[in-house]
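Here's target15.pdb, which has PDB, C-alpha atoms (C1' of nucleotides):
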ATOM      1  CA  MET A1276       2.105  12.584   1.847
ATOM      2  CA  GLU A1277       1.937  11.932   5.572
ATOM      3  CA  TYR A1278      -1.183  11.369   7.582
ATOM      4  CA  SER A1279      -2.167  11.643  11.202
ATOM      5  CA  ILE A1280      -3.923   8.624  12.641
ATOM      6  CA  GLY A1281      -7.243  10.433  12.301
ATOM      7  CA  ASP A1282      -6.736  11.120   8.619
ATOM      8  CA  PHE A1283      -5.402   7.644   8.025
ATOM      9  CA  SER A1284      -8.430   6.201   9.750
ATOM     10  CA  LYS A1285     -10.757   8.038   7.354
ATOM     11  CA  LEU A1286      -8.563   7.104   4.421
ATOM     12  CA  THR A1287      -8.595   3.396   5.168
ATOM     13  CA  GLY A1288     -12.006   3.040   6.747
ATOM     14  CA  LEU A1289     -10.386   1.400   9.767
ATOM     15  CA  GLY A1290     -11.069   2.826  13.205
ATOM     16  CA  ILE A1291      -8.358   4.639  15.106
ATOM     17  CA  HIS A1292      -8.477   1.941  17.769
ATOM     18  CA  THR A1293      -8.101  -0.706  15.133
ATOM     19  CA  LEU A1294      -5.049   1.010  13.625
ATOM     20  CA  ARG A1295      -3.363   1.162  17.017
ATOM     21  CA  TYR A1296      -4.324  -2.456  17.587
ATOM     22  CA  TYR A1297      -2.762  -3.488  14.272
ATOM     23  CA  GLU A1298       0.403  -1.684  15.238
ATOM     24  CA  HIS A1299       0.417  -3.406  18.616
ATOM     25  CA  GLU A1300       0.018  -6.743  16.827
ATOM     26  CA  GLY A1301       3.007  -5.994  14.612
ATOM     27  CA  LEU A1302       1.086  -5.571  11.370
ATOM     28  CA  ILE A1303       2.201  -2.031  10.656
ATOM     29  CA  ALA A1304       4.821   0.319  12.069
ATOM     30  CA  PRO A1305       4.232   3.957  11.099
ATOM     31  CA  GLU A1306       6.896   6.588  11.690
ATOM     32  CA  ARG A1307       6.595   8.947  14.643
ATOM     33  CA  ASN A1308       7.102  12.715  14.593
ATOM     34  CA  ALA A1309       8.981  14.803  17.163
ATOM     35  CA  SER A1310       6.084  14.649  19.617
ATOM     36  CA  ASN A1311       5.574  10.911  19.234
ATOM     37  CA  ARG A1312       2.510  11.181  16.991
ATOM     38  CA  ARG A1313       2.101   8.500  14.342
ATOM     39  CA  CYS A1314       2.917   9.613  10.763
ATOM     40  CA  TYR A1315       1.413   7.251   8.223
ATOM     41  CA  SER A1316       2.864   7.400   4.708
ATOM     42  CA  ASP A1317       1.513   6.459   1.294
ATOM     43  CA  LYS A1318       3.544   3.284   1.564
ATOM     44  CA  ASP A1319       1.628   2.508   4.749
ATOM     45  CA  LEU A1320      -1.560   3.086   2.820
ATOM     46  CA  THR A1321      -0.622   0.577   0.127
ATOM     47  CA  TRP A1322       0.430  -1.870   2.793
ATOM     48  CA  ILE A1323      -2.752  -1.533   4.824
ATOM     49  CA  GLU A1324      -4.833  -2.055   1.708
ATOM     50  CA  PHE A1325      -2.978  -5.301   1.171
ATOM     51  CA  ILE A1326      -3.534  -6.281   4.788
ATOM     52  CA  LYS A1327      -7.242  -5.697   4.234
ATOM     53  CA  ARG A1328      -7.147  -8.080   1.286
ATOM     54  CA  LEU A1329      -5.422 -10.740   3.328
ATOM     55  CA  LYS A1330      -7.970 -10.315   6.093
ATOM     56  CA  ASP A1331     -10.893 -10.424   3.673
ATOM     57  CA  THR A1332      -9.552 -13.674   2.329
ATOM     58  CA  ARG A1333      -9.496 -15.075   5.871
ATOM     59  CA  MET A1334      -5.815 -14.914   6.685
ATOM     60  CA  PRO A1335      -5.536 -14.720  10.477
ATOM     61  CA  ILE A1336      -3.689 -11.808  12.057
ATOM     62  CA  LYS A1337      -0.910 -14.077  13.325
ATOM     63  CA  GLU A1338      -0.065 -15.072   9.801
ATOM     64  CA  ILE A1339      -0.273 -11.520   8.519
ATOM     65  CA  ARG A1340       2.135 -10.557  11.273
ATOM     66  CA  HIS A1341       4.525 -13.238  10.110
ATOM     67  CA  TYR A1342       4.341 -11.869   6.596
ATOM     68  CA  ALA A1343       4.888  -8.356   7.961
ATOM     69  CA  GLU A1344       8.000  -9.517   9.777
ATOM     70  CA  LEU A1345       9.422 -11.076   6.628
ATOM     71  CA  ARG A1346       8.601  -7.913   4.731
ATOM     72  CA  ALA A1347      10.442  -5.828   7.311
ATOM     73  CA  ALA A1348      13.488  -8.054   6.851
ATOM     74  CA  GLY A1349      13.700  -7.027   3.182
ATOM     75  CA  ASP A1350      15.040  -8.755   0.091
ATOM     76  CA  PRO A1351      16.452 -11.898   1.749
ATOM     77  CA  THR A1352      12.890 -12.979   2.567
ATOM     78  CA  LEU A1353      11.434 -12.387  -0.891
ATOM     79  CA  SER A1354      11.078 -16.022  -1.825
ATOM     80  CA  GLU A1355       9.684 -17.026   1.541
ATOM     81  CA  ARG A1356       7.070 -14.307   1.193
ATOM     82  CA  MET A1357       6.238 -15.474  -2.292
ATOM     83  CA  GLU A1358       5.760 -19.002  -1.004
ATOM     84  CA  MET A1359       3.297 -17.686   1.551
ATOM     85  CA  LEU A1360       1.383 -15.875  -1.143
ATOM     86  CA  VAL A1361       1.315 -18.902  -3.402
ATOM     87  CA  GLN A1362      -0.003 -20.992  -0.519
ATOM     88  CA  HIS A1363      -2.575 -18.362   0.205
ATOM     89  CA  ARG A1364      -3.640 -18.228  -3.413
ATOM     90  CA  GLN A1365      -4.282 -21.940  -3.211
ATOM     91  CA  ALA A1366      -6.468 -21.432  -0.144
ATOM     92  CA  LEU A1367      -8.266 -18.609  -1.898
ATOM     93  CA  ASN A1368      -8.957 -20.740  -4.971
ATOM     94  CA  GLU A1369     -10.467 -23.359  -2.703
ATOM     95  CA  GLN A1370     -12.602 -20.761  -0.983
ATOM     96  CA  ILE A1371     -13.918 -19.543  -4.310
ATOM     97  CA  ALA A1372     -14.673 -23.064  -5.530
ATOM     98  CA  GLN A1373     -16.434 -23.812  -2.260
ATOM     99  CA  LEU A1374     -18.528 -20.666  -2.412
ATOM    100  CA  GLN A1375     -19.492 -21.434  -5.978
ATOM    101  CA  GLU A1376     -20.731 -24.828  -4.930
ATOM    102  CA  HIS A1377     -22.680 -23.227  -2.095
ATOM    103  CA  LYS A1378     -24.179 -20.837  -4.605
ATOM    104  CA  THR A1379     -25.334 -23.692  -6.841
ATOM    105  CA  LYS A1380     -26.989 -25.435  -3.921
ATOM    106  CA  LEU A1381     -28.572 -22.229  -2.725
ATOM    107  CA  ASP A1382     -29.971 -21.570  -6.193
ATOM    108  CA  GLU A1383     -31.479 -25.037  -6.178
ATOM    109  CA  LYS A1384     -32.967 -24.502  -2.765
ATOM    110  CA  ILE A1385     -34.514 -21.215  -3.818
ATOM    111  CA  GLU A1386     -35.994 -22.865  -6.888
ATOM    112  CA  PHE A1387     -37.449 -25.556  -4.643
ATOM    113  CA  TYR A1388     -39.009 -22.888  -2.454
ATOM    114  CA  ARG A1389     -40.479 -21.146  -5.470
ATOM    115  CA  LYS A1390     -42.226 -24.325  -6.554
ATOM    116  CA  GLU A1391     -43.298 -25.167  -3.038
ATOM    117  CA  ILE A1392     -44.881 -21.762  -2.531
ATOM    118  CA  GLU A1393     -46.721 -22.142  -5.809
ATOM    119  CA  ARG A1394     -47.924 -25.596  -4.801
ATOM    120  CA  VAL A1395     -49.209 -24.345  -1.446
ATOM    121  CA  ASN A1396     -50.978 -21.477  -3.171
ATOM    122  CA  ASN A1397     -52.703 -23.860  -5.556
ATOM    123  CA  THR A1398     -53.706 -26.185  -2.729
ATOM    124  CA  ASN A1399     -55.528 -23.326  -1.005
ATOM    125  CA  LEU A1400     -57.568 -22.265  -4.005
TER     126      LEU A1400
ATOM    127  CA  MET B1034     -32.129 -44.092  10.581
ATOM    128  CA  GLU B1035     -31.538 -42.595  13.993
ATOM    129  CA  TYR B1036     -28.207 -41.575  15.425
ATOM    130  CA  SER B1037     -26.811 -40.997  18.879
ATOM    131  CA  ILE B1038     -24.994 -37.721  19.366
ATOM    132  CA  GLY B1039     -21.674 -39.573  19.057
ATOM    133  CA  ASP B1040     -22.597 -41.095  15.712
ATOM    134  CA  PHE B1041     -24.067 -37.851  14.509
ATOM    135  CA  SER B1042     -20.894 -36.053  15.479
ATOM    136  CA  LYS B1043     -18.812 -38.395  13.314
ATOM    137  CA  LEU B1044     -21.348 -38.171  10.513
ATOM    138  CA  THR B1045     -21.336 -34.384  10.397
ATOM    139  CA  GLY B1046     -17.784 -33.669  11.421
ATOM    140  CA  LEU B1047     -19.077 -31.366  14.150
ATOM    141  CA  GLY B1048     -17.953 -31.957  17.728
ATOM    142  CA  ILE B1049     -20.376 -33.272  20.303
ATOM    143  CA  HIS B1050     -20.025 -30.039  22.230
ATOM    144  CA  THR B1051     -20.767 -28.063  19.110
ATOM    145  CA  LEU B1052     -23.914 -30.077  18.421
ATOM    146  CA  ARG B1053     -25.191 -29.442  21.925
ATOM    147  CA  TYR B1054     -24.263 -25.788  21.539
ATOM    148  CA  TYR B1055     -26.233 -25.559  18.277
ATOM    149  CA  GLU B1056     -29.222 -27.097  20.000
ATOM    150  CA  HIS B1057     -28.893 -24.648  22.878
ATOM    151  CA  GLU B1058     -28.783 -21.809  20.344
ATOM    152  CA  GLY B1059     -31.976 -23.029  18.719
ATOM    153  CA  LEU B1060     -30.451 -24.203  15.457
ATOM    154  CA  ILE B1061     -31.553 -27.813  15.720
ATOM    155  CA  ALA B1062     -33.933 -29.779  17.933
ATOM    156  CA  PRO B1063     -33.373 -33.550  17.764
ATOM    157  CA  GLU B1064     -35.882 -35.964  19.247
ATOM    158  CA  ARG B1065     -35.168 -37.590  22.607
ATOM    159  CA  ASN B1066     -35.588 -41.246  23.467
ATOM    160  CA  ALA B1067     -37.124 -42.693  26.656
ATOM    161  CA  SER B1068     -33.949 -42.007  28.625
ATOM    162  CA  ASN B1069     -33.605 -38.445  27.363
ATOM    163  CA  ARG B1070     -30.812 -39.223  24.914
ATOM    164  CA  ARG B1071     -30.765 -37.235  21.675
ATOM    165  CA  CYS B1072     -31.955 -39.120  18.585
ATOM    166  CA  TYR B1073     -30.826 -37.425  15.417
ATOM    167  CA  SER B1074     -32.671 -38.376  12.215
ATOM    168  CA  ASP B1075     -31.755 -38.250   8.542
ATOM    169  CA  LYS B1076     -33.828 -35.094   8.332
ATOM    170  CA  ASP B1077     -31.578 -33.618  10.991
ATOM    171  CA  LEU B1078     -28.621 -34.632   8.875
ATOM    172  CA  THR B1079     -29.930 -32.801   5.821
ATOM    173  CA  TRP B1080     -30.718 -29.807   7.960
ATOM    174  CA  ILE B1081     -27.314 -29.653   9.599
ATOM    175  CA  GLU B1082     -25.622 -29.883   6.218
ATOM    176  CA  PHE B1083     -27.605 -26.848   5.174
ATOM    177  CA  ILE B1084     -26.653 -25.051   8.375
ATOM    178  CA  LYS B1085     -23.025 -25.756   7.536
ATOM    179  CA  ARG B1086     -23.527 -24.132   4.157
ATOM    180  CA  LEU B1087     -25.055 -21.061   5.722
ATOM    181  CA  LYS B1088     -22.180 -20.842   8.171
ATOM    182  CA  ASP B1089     -19.578 -21.316   5.458
ATOM    183  CA  THR B1090     -21.151 -18.461   3.591
ATOM    184  CA  ARG B1091     -20.833 -16.287   6.703
ATOM    185  CA  MET B1092     -24.381 -16.224   7.959
ATOM    186  CA  PRO B1093     -24.224 -15.532  11.692
ATOM    187  CA  ILE B1094     -25.796 -17.989  14.121
ATOM    188  CA  LYS B1095     -28.468 -15.483  15.175
ATOM    189  CA  GLU B1096     -29.737 -15.331  11.616
ATOM    190  CA  ILE B1097     -29.591 -19.083  11.172
ATOM    191  CA  ARG B1098     -31.643 -19.372  14.350
ATOM    192  CA  HIS B1099     -34.225 -17.026  12.891
ATOM    193  CA  TYR B1100     -34.411 -19.168   9.779
ATOM    194  CA  ALA B1101     -34.706 -22.272  11.973
ATOM    195  CA  GLU B1102     -37.618 -20.721  13.836
ATOM    196  CA  LEU B1103     -39.425 -19.927  10.596
ATOM    197  CA  ARG B1104     -38.766 -23.447   9.398
ATOM    198  CA  ALA B1105     -40.226 -24.885  12.582
ATOM    199  CA  ALA B1106     -43.364 -22.813  11.997
ATOM    200  CA  GLY B1107     -43.995 -24.644   8.709
ATOM    201  CA  ASP B1108     -45.721 -23.643   5.493
ATOM    202  CA  PRO B1109     -46.994 -20.201   6.540
ATOM    203  CA  THR B1110     -43.398 -18.989   6.653
ATOM    204  CA  LEU B1111     -42.335 -20.362   3.272
ATOM    205  CA  SER B1112     -42.182 -17.040   1.491
ATOM    206  CA  GLU B1113     -40.427 -15.305   4.353
ATOM    207  CA  ARG B1114     -37.791 -18.028   4.307
ATOM    208  CA  MET B1115     -37.411 -17.700   0.590
ATOM    209  CA  GLU B1116     -36.863 -13.978   0.965
ATOM    210  CA  MET B1117     -34.097 -14.687   3.439
ATOM    211  CA  LEU B1118     -32.457 -17.082   1.028
ATOM    212  CA  VAL B1119     -32.733 -14.645  -1.854
ATOM    213  CA  GLN B1120     -31.127 -11.954   0.284
ATOM    214  CA  HIS B1121     -28.423 -14.366   1.298
ATOM    215  CA  ARG B1122     -27.785 -15.333  -2.308
ATOM    216  CA  GLN B1123     -27.194 -11.690  -3.041
ATOM    217  CA  ALA B1124     -24.652 -11.493  -0.209
ATOM    218  CA  LEU B1125     -23.021 -14.656  -1.469
ATOM    219  CA  ASN B1126     -22.728 -13.296  -5.005
ATOM    220  CA  GLU B1127     -21.009 -10.234  -3.604
ATOM    221  CA  GLN B1128     -18.638 -12.401  -1.593
ATOM    222  CA  ILE B1129     -17.705 -14.361  -4.676
ATOM    223  CA  ALA B1130     -17.139 -11.230  -6.753
ATOM    224  CA  GLN B1131     -15.016  -9.767  -3.982
ATOM    225  CA  LEU B1132     -12.911 -12.899  -3.654
ATOM    226  CA  GLN B1133     -12.379 -12.991  -7.383
ATOM    227  CA  GLU B1134     -11.070  -9.449  -7.290
ATOM    228  CA  HIS B1135      -8.781 -10.401  -4.423
ATOM    229  CA  LYS B1136      -7.571 -13.325  -6.463
ATOM    230  CA  THR B1137      -6.712 -11.096  -9.413
ATOM    231  CA  LYS B1138      -4.733  -8.740  -7.205
ATOM    232  CA  LEU B1139      -2.996 -11.638  -5.489
ATOM    233  CA  ASP B1140      -2.009 -13.093  -8.859
ATOM    234  CA  GLU B1141      -0.536  -9.743  -9.834
ATOM    235  CA  LYS B1142       1.359  -9.531  -6.570
ATOM    236  CA  ILE B1143       2.790 -12.999  -7.022
ATOM    237  CA  GLU B1144       3.871 -12.135 -10.539
ATOM    238  CA  PHE B1145       5.564  -9.021  -9.156
ATOM    239  CA  TYR B1146       7.399 -11.155  -6.604
ATOM    240  CA  ARG B1147       8.500 -13.582  -9.301
ATOM    241  CA  LYS B1148      10.094 -10.785 -11.296
ATOM    242  CA  GLU B1149      11.562  -9.169  -8.218
ATOM    243  CA  ILE B1150      13.228 -12.396  -7.131
ATOM    244  CA  GLU B1151      14.668 -12.824 -10.611
ATOM    245  CA  ARG B1152      15.942  -9.261 -10.594
ATOM    246  CA  VAL B1153      17.627  -9.710  -7.191
ATOM    247  CA  ASN B1154      19.203 -12.944  -8.389
ATOM    248  CA  ASN B1155      20.622 -11.226 -11.480
ATOM    249  CA  THR B1156      21.942  -8.319  -9.431
ATOM    250  CA  ASN B1157      23.987 -10.713  -7.320
ATOM    251  CA  LEU B1158      25.679 -12.496 -10.222
TER     252      LEU B1158
ATOM    253  C1'  DT C 529     -23.440 -57.256  40.065
ATOM    254  C1'  DC C 530     -19.847 -54.218  38.790
ATOM    255  C1'  DT C 531     -17.437 -51.353  35.855
ATOM    256  C1'  DT C 532     -16.862 -48.572  32.089
ATOM    257  C1'  DG C 533     -18.052 -45.606  28.476
ATOM    258  C1'  DA C 534     -21.497 -42.708  26.272
ATOM    259  C1'  DC C 535     -24.568 -39.372  27.349
ATOM    260  C1'  DA C 536     -26.992 -35.546  30.231
ATOM    261  C1'  DT C 537     -26.883 -30.463  32.146
ATOM    262  C1'  DA C 538     -24.950 -26.173  33.756
ATOM    263  C1'  DG C 539     -21.718 -23.224  33.592
ATOM    264  C1'  DA C 540     -16.802 -21.751  33.061
ATOM    265  C1'  DG C 541     -12.969 -20.931  29.884
ATOM    266  C1'  DT C 542     -10.819 -19.931  25.264
ATOM    267  C1'  DT C 543      -9.780 -17.638  20.940
ATOM    268  C1'  DT C 544      -9.978 -14.003  17.660
ATOM    269  C1'  DA C 545     -10.452  -9.544  16.540
ATOM    270  C1'  DC C 546     -11.632  -5.801  17.771
ATOM    271  C1'  DT C 547     -13.588  -1.672  20.686
ATOM    272  C1'  DC C 548     -13.724   1.170  24.500
ATOM    273  C1'  DT C 549     -12.249   3.636  28.885
ATOM    274  C1'  DA C 550      -9.262   6.283  31.792
ATOM    275  C1'  DC C 551      -6.106   9.428  32.052
ATOM    276  C1'  DA C 552      -2.001  12.175  30.471
ATOM    277  C1'  DT C 553      -0.077  15.167  26.739
ATOM    278  C1'  DT C 554       0.066  18.076  22.788
ATOM    279  C1'  DG C 555      -1.534  21.136  18.783
ATOM    280  C1'  DT C 556      -4.584  24.733  17.367
ATOM    281  C1'  DA C 557      -8.052  28.241  17.161
ATOM    282  C1'  DT C 558      -9.748  32.257  19.839
TER     283       DT C 558
ATOM    284  C1'  DA D 667      -3.229  32.444  27.695
ATOM    285  C1'  DT D 668      -6.896  29.289  27.500
ATOM    286  C1'  DA D 669      -9.918  25.988  26.013
ATOM    287  C1'  DC D 670     -10.762  22.077  23.444
ATOM    288  C1'  DA D 671      -9.959  18.605  20.112
ATOM    289  C1'  DA D 672      -6.723  15.084  18.658
ATOM    290  C1'  DT D 673      -3.405  11.987  20.114
ATOM    291  C1'  DG D 674      -0.649   8.978  23.337
ATOM    292  C1'  DT D 675      -0.463   4.531  26.495
ATOM    293  C1'  DA D 676      -2.207   0.790  29.265
ATOM    294  C1'  DG D 677      -5.430  -2.086  30.119
ATOM    295  C1'  DA D 678     -10.391  -3.516  30.475
ATOM    296  C1'  DG D 679     -14.549  -4.926  28.023
ATOM    297  C1'  DT D 680     -17.231  -7.062  24.157
ATOM    298  C1'  DA D 681     -19.057 -10.309  20.711
ATOM    299  C1'  DA D 682     -19.130 -14.517  18.295
ATOM    300  C1'  DA D 683     -18.498 -19.167  18.179
ATOM    301  C1'  DC D 684     -17.026 -22.518  20.082
ATOM    302  C1'  DT D 685     -14.685 -25.851  23.662
ATOM    303  C1'  DC D 686     -14.051 -27.768  27.999
ATOM    304  C1'  DT D 687     -14.992 -29.112  32.985
ATOM    305  C1'  DA D 688     -17.599 -30.822  36.765
ATOM    306  C1'  DT D 689     -20.866 -33.684  38.144
ATOM    307  C1'  DG D 690     -24.488 -36.942  37.605
ATOM    308  C1'  DT D 691     -27.238 -40.798  35.025
ATOM    309  C1'  DC D 692     -27.809 -44.838  32.457
ATOM    310  C1'  DA D 693     -27.050 -49.103  29.587
ATOM    311  C1'  DA D 694     -24.408 -52.927  28.165
ATOM    312  C1'  DG D 695     -20.546 -56.201  28.513
ATOM    313  C1'  DA D 696     -17.286 -59.122  31.764
TER     314       DA D 696
END

What do you get writing this file as structure tokens?
Amino acid sequence: MEYSIGDFSKLTGLGIHTLRYYEHEGLIAPERNASNRRCYSDKDLTWIEFIKRLKDTRMPIKEIRHYAELRAAGDPTLSERMEMLVQHRQALNEQIAQLQEHKTKLDEKIEFYRKEIERVNNTNL
Amino acid sequence: MEYSIGDFSKLTGLGIHTLRYYEHEGLIAPERNASNRRCYSDKDLTWIEFIKRLKDTRMPIKEIRHYAELRAAGDPTLSERMEMLVQHRQALNEQIAQLQEHKTKLDEKIEFYRKEIERVNNTNL
DNA sequence: TCTTGACATAGAGTTTACTCTACATTGTAT
DNA sequence: ATACAATGTAGAGTAAACTCTATGTCAAGA
């Protein structure tokens, strides 16, 4: 299937402006039809979903662009791309560990609040 | 203990400019000495560490300011603060779940790359 | 006393990632 | 054929969170 930018926008949940911006930043390069309209493919869809993952996991656009460039260069860059992903997995593992620690502390804090509220209530009997 | 802004900066890992910015944004309000210099306390240290947690878990500064205002208002706002934290815990749980899904997909992708690299290597024997 | 370094404020500048505006062109329904 | 909605480009504007600059004050060591 091929999609106009409007359809692709609905499909991905990204705004039309954002899609053009991503193209300008070298993240994605959809085909063009005879009248210069963008034609997004299903491959583009898979790719943009992966870009969304990278973004969600805090990879900056610059780095995603670098990955996109390697990807465009094909097979010879396979191992370099894999290295990037392995690095990124490491970063992601650290993020998760960090968030889990934050969660523990937040749970403790909430428990403290619960007790404190109870205490204040009892004081004002 | 009391700390000058320079000491406090080293202690927290936040730049001096950032500390002043946080104060300007209503996140923290250190005491001042006779000559108007900021005097950060150990309480401020605990508080800023908590702010760092909130930031790390993607709470925007506006919201942290709101929490800071409630905190400054004391006991009457205890339950409202707890509600905020409970809400934020929910958001944090979702973040963690999301990141774990991203991790799974990333692992799969890396495994795909590993096989692909092997395949390409064998093709070129 | 003099100098130097830390600190003060106010406001400008930077970075990242969009988001929007202006204006021209094209595709489609009447 | 005409209107109007979608798309194109170029570039300006926005929001968040810093980060830096200019200029002035103050306190402690040589």

- Query: Applied to the shown file, which residues does the PyMOL selection byres ((chain B and resi 1067-1084) around 12) return, written as JSON, numbers by chain?
  - Reply: {"A": [1377, 1378, 1380, 1381, 1384], "B": [1034, 1035, 1036, 1037, 1038, 1039, 1040, 1041, 1042, 1043, 1044, 1045, 1046, 1047, 1049, 1051, 1052, 1053, 1055, 1056, 1059, 1060, 1061, 1062, 1063, 1064, 1065, 1066, 1085, 1086, 1087, 1088, 1089, 1090, 1091, 1092, 1093, 1094, 1095, 1096, 1097, 1098, 1099, 1100, 1101, 1104, 1105, 1118], "C": [534, 535, 536, 537], "D": [691, 692, 693]}

Edge lengths and centre in Å to one decimal, as AutoDock Vina command-line options, of the axis-aligned box that encloses all listed atoms of region 680-694 of chain D with 6 Å added on every side?
--center_x -20.9 --center_y -30.0 --center_z 28.2 --size_x 25.8 --size_y 57.9 --size_z 32.0

- Task: For His1292 (chain A), list every protein, DNA or RNA residue within 9 Å, evaluated using all atoms listed in the file, and leave out those in the same chain fewer than 5 positions away; present the list as a list in words.
- Result: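 Contacts, with the query itself left out: Tyr1297 of chain A; DC546, DT547 and DC548 of chain C.
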
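The space between CA of Gln1123 (chain B) and C1' of DT544 (chain C) spans 27.0 Å.
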
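Residues with any atom within 12 Å of Phe1145 (chain B), counting all atoms listed in the file and excluding same-chain neighbours fewer than 4 positions away, are Leu1353, Ser1354, Arg1356, Met1357 and Leu1360 of chain A; Lys1138, Leu1139, Asp1140, Glu1141, Glu1149, Ile1150, Glu1151 and Arg1152 of chain B.
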
- Task: Kindly give the distance, in Å, that separates C1' of DT668 (chain D) and C1' of DT549 (chain C), rounded to a single decimal.
- Result: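 Pair C1' of DT668 (chain D) / C1' of DT549 (chain C) returns 26.2 Å.
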
- Task: Apply the PyMOL selection byres ((chain D) within 10 of (chain A)) to the structure shown and report the selected residues as a list in words.
- Result: DA672, DT673 and DG674 of chain D
